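Structure file structure-v5.txt (compact mmCIF, C-alpha atoms) is printed below.
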```txt
# COMPACT_ATOMS: atom_id res chain seq x y z
CA MET A 1273 0.00 0.00 0.00
CA SER A 1274 1.15 3.53 -0.71
CA ALA A 1275 1.11 6.30 1.88
CA SER A 1276 -2.20 7.50 0.38
CA GLY A 1277 -3.78 4.13 1.22
CA GLU A 1278 -4.12 3.08 -2.41
CA ALA A 1279 -2.53 0.05 -4.03
CA ALA A 1280 0.23 0.79 -6.54
CA ARG A 1281 -0.74 1.24 -10.19
CA SER A 1282 2.03 -1.09 -11.34
CA ILE A 1283 3.52 -4.22 -9.89
CA PRO A 1284 7.15 -3.69 -8.87
CA PRO A 1285 9.34 -5.67 -11.33
CA GLU A 1286 11.48 -7.16 -8.55
CA VAL A 1287 8.33 -8.55 -6.89
CA ALA A 1288 6.89 -9.77 -10.21
CA ARG A 1289 10.08 -11.62 -11.17
CA ARG A 1290 9.96 -13.65 -7.94
CA VAL A 1291 6.44 -15.01 -8.62
CA ARG A 1292 6.40 -18.73 -9.45
CA LEU A 1293 2.87 -19.52 -8.28
CA VAL A 1294 -0.35 -17.56 -8.82
CA VAL A 1295 -3.29 -18.50 -6.61
CA LEU A 1296 -6.71 -17.38 -7.82
CA ASP A 1297 -9.79 -17.35 -5.65
CA VAL A 1298 -12.81 -18.43 -7.70
CA ASP A 1299 -16.09 -16.85 -6.59
CA GLY A 1300 -15.72 -13.09 -6.86
CA VAL A 1301 -12.39 -13.25 -8.70
CA LEU A 1302 -12.75 -15.67 -11.61
CA THR A 1303 -16.54 -15.21 -11.46
CA ASP A 1304 -18.78 -12.25 -10.71
CA ALA A 1305 -19.69 -14.01 -7.42
CA GLY A 1306 -23.08 -15.00 -8.80
CA VAL A 1307 -24.24 -18.60 -8.53
CA TYR A 1308 -27.19 -19.83 -10.56
CA VAL A 1309 -28.92 -22.77 -8.90
CA GLY A 1310 -31.75 -24.84 -10.34
CA ARG A 1311 -33.10 -28.32 -10.99
CA LEU A 1312 -33.36 -30.41 -14.12
CA PRO A 1313 -36.74 -32.04 -14.91
CA ASP A 1314 -35.50 -35.25 -13.24
CA GLY A 1315 -34.78 -33.35 -10.01
CA THR A 1316 -31.00 -33.28 -10.36
CA GLY A 1317 -29.53 -30.07 -8.96
CA VAL A 1318 -27.62 -27.77 -11.31
CA GLU A 1319 -25.19 -24.99 -10.46
CA LEU A 1320 -23.89 -22.57 -13.07
CA LYS A 1321 -21.24 -19.87 -12.82
CA ARG A 1322 -20.17 -17.17 -15.28
CA PHE A 1323 -16.43 -17.16 -16.12
CA ASP A 1324 -14.82 -14.45 -18.26
CA ILE A 1325 -13.23 -15.83 -21.46
CA GLN A 1326 -10.51 -13.16 -21.48
CA ASP A 1327 -9.53 -14.16 -17.94
CA GLY A 1328 -9.11 -17.71 -19.23
CA LEU A 1329 -6.63 -16.63 -21.88
CA GLY A 1330 -4.73 -14.66 -19.25
CA VAL A 1331 -4.43 -17.83 -17.16
CA LYS A 1332 -3.12 -19.74 -20.19
CA LEU A 1333 -0.54 -17.00 -20.86
CA LEU A 1334 0.71 -17.21 -17.26
CA MET A 1335 1.18 -20.96 -17.61
CA ARG A 1336 2.91 -20.44 -20.97
CA ALA A 1337 5.34 -18.13 -19.12
CA GLY A 1338 6.21 -20.97 -16.73
CA ILE A 1339 4.10 -19.82 -13.78
CA VAL A 1340 2.06 -22.41 -11.88
CA VAL A 1341 -1.60 -21.37 -11.58
CA ALA A 1342 -3.90 -22.70 -8.86
CA PHE A 1343 -7.62 -22.23 -8.29
CA VAL A 1344 -8.43 -22.25 -4.57
CA SER A 1345 -12.07 -21.94 -3.55
CA GLY A 1346 -14.05 -21.91 -0.34
CA ARG A 1347 -16.95 -23.59 -2.14
CA VAL A 1348 -17.21 -27.04 -3.66
CA SER A 1349 -18.55 -26.72 -7.21
CA GLY A 1350 -18.48 -28.87 -10.31
CA ALA A 1351 -18.42 -25.69 -12.40
CA THR A 1352 -15.06 -24.70 -10.90
CA VAL A 1353 -13.53 -28.11 -11.57
CA LEU A 1354 -14.86 -28.06 -15.13
CA ARG A 1355 -13.37 -24.60 -15.82
CA ALA A 1356 -10.00 -25.59 -14.35
CA ARG A 1357 -9.92 -28.72 -16.49
CA GLU A 1358 -10.88 -26.72 -19.59
CA LEU A 1359 -7.97 -24.31 -19.02
CA GLY A 1360 -5.45 -27.03 -18.13
CA VAL A 1361 -5.11 -25.83 -14.52
CA GLY A 1362 -3.95 -28.92 -12.64
CA GLU A 1363 -4.08 -27.31 -9.20
CA CYS A 1364 -7.79 -26.87 -8.45
CA HIS A 1365 -8.67 -27.17 -4.77
CA GLU A 1366 -11.91 -26.57 -2.89
CA ASP A 1367 -12.63 -26.54 0.83
CA ALA A 1368 -16.25 -26.14 1.92
CA GLY A 1369 -14.98 -24.54 5.14
CA ALA A 1370 -12.97 -21.94 3.16
CA ARG A 1371 -9.71 -23.02 4.85
CA LYS A 1372 -7.41 -21.85 2.09
CA LEU A 1373 -4.11 -21.48 3.95
CA PRO A 1374 -3.47 -25.25 4.28
CA LEU A 1375 -4.45 -25.82 0.64
CA VAL A 1376 -2.00 -23.19 -0.58
CA GLY A 1377 0.70 -24.57 1.73
CA GLU A 1378 0.30 -28.03 0.17
CA ILE A 1379 0.50 -26.58 -3.36
CA MET A 1380 3.65 -24.65 -2.43
CA GLU A 1381 5.26 -27.76 -0.98
CA ARG A 1382 4.52 -29.78 -4.14
CA HIS A 1383 6.11 -27.11 -6.33
CA GLY A 1384 8.98 -26.12 -4.01
CA VAL A 1385 7.78 -22.52 -3.74
CA GLY A 1386 8.20 -20.09 -0.82
CA TRP A 1387 5.65 -17.51 0.33
CA ASP A 1388 7.61 -14.66 -1.26
CA GLU A 1389 7.23 -16.45 -4.63
CA VAL A 1390 3.42 -16.55 -4.45
CA ALA A 1391 0.86 -14.07 -5.77
CA MET A 1392 -2.78 -14.35 -4.82
CA VAL A 1393 -5.79 -12.56 -6.26
CA GLY A 1394 -8.64 -12.32 -3.77
CA ASP A 1395 -11.82 -10.45 -3.00
CA ASP A 1396 -13.26 -11.42 0.38
CA LEU A 1397 -12.47 -12.23 4.01
CA PRO A 1398 -11.70 -15.96 3.50
CA ASP A 1399 -8.78 -14.86 1.27
CA LEU A 1400 -7.10 -12.78 3.99
CA PRO A 1401 -5.10 -15.55 5.71
CA VAL A 1402 -3.35 -16.30 2.41
CA LEU A 1403 -3.07 -12.64 1.34
CA LEU A 1404 -1.30 -11.86 4.62
CA GLU A 1405 1.42 -14.41 3.79
CA VAL A 1406 2.10 -14.09 0.05
CA GLY A 1407 4.76 -11.94 -1.56
CA LEU A 1408 2.25 -10.32 -3.93
CA PRO A 1409 -1.25 -9.84 -2.50
CA VAL A 1410 -3.69 -8.60 -5.17
CA ALA A 1411 -7.32 -7.48 -4.89
CA VAL A 1412 -10.00 -7.16 -7.54
CA ALA A 1413 -11.57 -3.70 -7.82
CA ASN A 1414 -14.76 -4.68 -5.99
CA ALA A 1415 -13.02 -6.55 -3.16
CA GLN A 1416 -14.02 -6.04 0.44
CA PRO A 1417 -12.24 -3.13 2.22
CA GLU A 1418 -10.04 -5.43 4.32
CA VAL A 1419 -8.74 -7.14 1.18
CA LEU A 1420 -8.16 -3.86 -0.68
CA GLU A 1421 -6.28 -2.57 2.37
CA ARG A 1422 -3.87 -5.54 2.28
CA ALA A 1423 -3.30 -5.51 -1.49
CA VAL A 1424 0.01 -4.39 -2.97
CA TRP A 1425 -1.79 -4.05 -6.30
CA SER A 1426 -5.46 -3.96 -7.28
CA THR A 1427 -7.28 -4.26 -10.57
CA ARG A 1428 -9.48 -1.60 -12.11
CA SER A 1429 -11.90 -4.31 -13.29
CA PRO A 1430 -14.27 -6.10 -10.92
CA GLY A 1431 -14.07 -9.83 -10.33
CA GLY A 1432 -15.45 -11.97 -13.13
CA ARG A 1433 -15.26 -9.03 -15.54
CA GLY A 1434 -11.67 -9.14 -16.76
CA ALA A 1435 -9.86 -8.59 -13.45
CA VAL A 1436 -7.78 -11.76 -13.77
CA ARG A 1437 -6.75 -10.90 -17.34
CA GLU A 1438 -5.77 -7.42 -16.19
CA PHE A 1439 -3.61 -8.93 -13.43
CA CYS A 1440 -2.04 -11.52 -15.77
CA ARG A 1441 -1.05 -8.81 -18.23
CA GLU A 1442 0.34 -6.52 -15.53
CA LEU A 1443 2.36 -9.35 -13.96
CA LEU A 1444 3.85 -10.44 -17.29
CA VAL A 1445 4.60 -6.84 -18.31
CA ALA A 1446 6.37 -6.24 -14.98
CA ARG A 1447 8.40 -9.44 -15.55
CA GLY A 1448 9.31 -8.31 -19.08
CA GLN A 1449 7.60 -11.38 -20.60
CA TRP A 1450 4.34 -10.03 -22.06
CA ASP A 1451 5.49 -9.33 -25.64
CA GLU A 1452 7.34 -12.65 -25.95
CA VAL A 1453 4.49 -14.73 -24.52
CA VAL A 1454 1.93 -13.05 -26.78
CA ARG A 1455 4.17 -13.50 -29.83
CA GLU A 1456 4.66 -17.21 -29.07
CA TYR A 1457 0.93 -17.66 -28.46
CA LEU A 1458 0.01 -16.03 -31.78
CA GLU A 1459 2.70 -17.91 -33.74
CA GLU A 1460 1.47 -21.22 -32.34
CA ARG A 1461 -2.17 -20.42 -33.18
CA GLU A 1462 -1.45 -19.18 -36.69
CA GLY A 1463 1.20 -21.76 -37.51
```
As a first step, turn the structure in this file into structure tokens.
Amino acid sequence: MSASGEAARSIPPEVARRVRLVVLDVDGVLTDAGVYVGRLPDGTGVELKRFDIQDGLGVKLLMRAGIVVAFVSGRVSGATVLRARELGVGECHEDAGARKLPLVGEIMERHGVGWDEVAMVGDDLPDLPVLLEVGLPVAVANAQPEVLERAVWSTRSPGGRGAVREFCRELLVARGQWDEVVREYLEEREG
């Protein structure tokens, strides 16, 4: 936080270069925090969430840059698992009690990453225990005041509306990787 109480408008390059793991909260960060619940004619329950397509490409660009991406949610939802699978995110973890700190600790251990090498994007109180530990705490624009207060950097976009893409771009720009990753992505797509 700056002296004015606002998060910085750019991620410090020395902080960005240390990041090896990006942890993304799901509801309120990857989604707009809305959950659509209903029943099929046979009575089977259905839950739908809205994910931003541009956020998905941002996640893929982070992974292309060699950064591990993890989805960590305080809700158990088939929609989250499906989206993670679709994007190729192998670290997708849910805890119905919203105990995220142990989940992130296990991910870090598997990948040999220290707290100063972790960035997390959050929006609400269950994210605070992790945000208080990571080297790069990030908040979406519409995060709760306590989360915004802790953030080193915050997005201009609200959760589920391009905030993750905005963060991915800013992180890769600060690392000096954006242009190269985009070029490689386009070359691969266009042959």
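Compared by their closest atoms to Ser1345 of chain A, and using all atoms listed in the file, the residues A:Arg1433, A:Lys1372, A:Arg1422, A:Arg1281 rank with A:Lys1372 nearest.
Using all atoms listed in the file, the residues found no farther than 12 Å from Glu1389 of chain A, other than those of its own chain fewer than 2 positions away, are Glu1286, Val1287, Ala1288, Arg1289, Arg1290, Val1291, Arg1292, Leu1293, Val1294, Val1295, Ile1339, Val1340, Met1380, His1383, Gly1384, Val1385, Gly1386, Trp1387, Ala1391, Met1392, Glu1405, Val1406, Gly1407, Leu1408 and Pro1409 of chain A.
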Kindly indicate which residue among A:Leu1400, A:Val1419, A:Val1410, A:Leu1333 lies nearest to Arg1371 of chain A, using all atoms listed in the file for the distances.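 Closest to Arg1371 of chain A of all the choices is A:Leu1400.
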Show which residues sit within 7 Å of segment 1318-1325 of chain A, as number ranges by chain. Count all atoms listed in the file, and ignore same-chain residues fewer than 2 positions away. A: 1302-1304, 1306-1312, 1316, 1327-1329, 1351, 1432-1434
Pull C-alpha atoms from the residues just selected and write them as a compact mmCIF listing (two decimals), in the coordinates of the input.
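Dumped everything to again-v7.txt:
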```txt
# COMPACT_ATOMS: atom_id res chain seq x y z
CA LEU A 1302 -12.75 -15.67 -11.61
CA THR A 1303 -16.54 -15.21 -11.46
CA ASP A 1304 -18.78 -12.25 -10.71
CA GLY A 1306 -23.08 -15.00 -8.80
CA VAL A 1307 -24.24 -18.60 -8.53
CA TYR A 1308 -27.19 -19.83 -10.56
CA VAL A 1309 -28.92 -22.77 -8.90
CA GLY A 1310 -31.75 -24.84 -10.34
CA ARG A 1311 -33.10 -28.32 -10.99
CA LEU A 1312 -33.36 -30.41 -14.12
CA THR A 1316 -31.00 -33.28 -10.36
CA ASP A 1327 -9.53 -14.16 -17.94
CA GLY A 1328 -9.11 -17.71 -19.23
CA LEU A 1329 -6.63 -16.63 -21.88
CA ALA A 1351 -18.42 -25.69 -12.40
CA GLY A 1432 -15.45 -11.97 -13.13
CA ARG A 1433 -15.26 -9.03 -15.54
CA GLY A 1434 -11.67 -9.14 -16.76
```
Atom CA of Gly1350 of chain A to atom CA of Ala1368 of chain A: how many Å, to one decimal? 12.7 Å
Give me, please, the distance in Å between atom CA of Phe1343 of chain A and atom CA of Arg1428 of chain A, quoted to one decimal. 21.1 Å
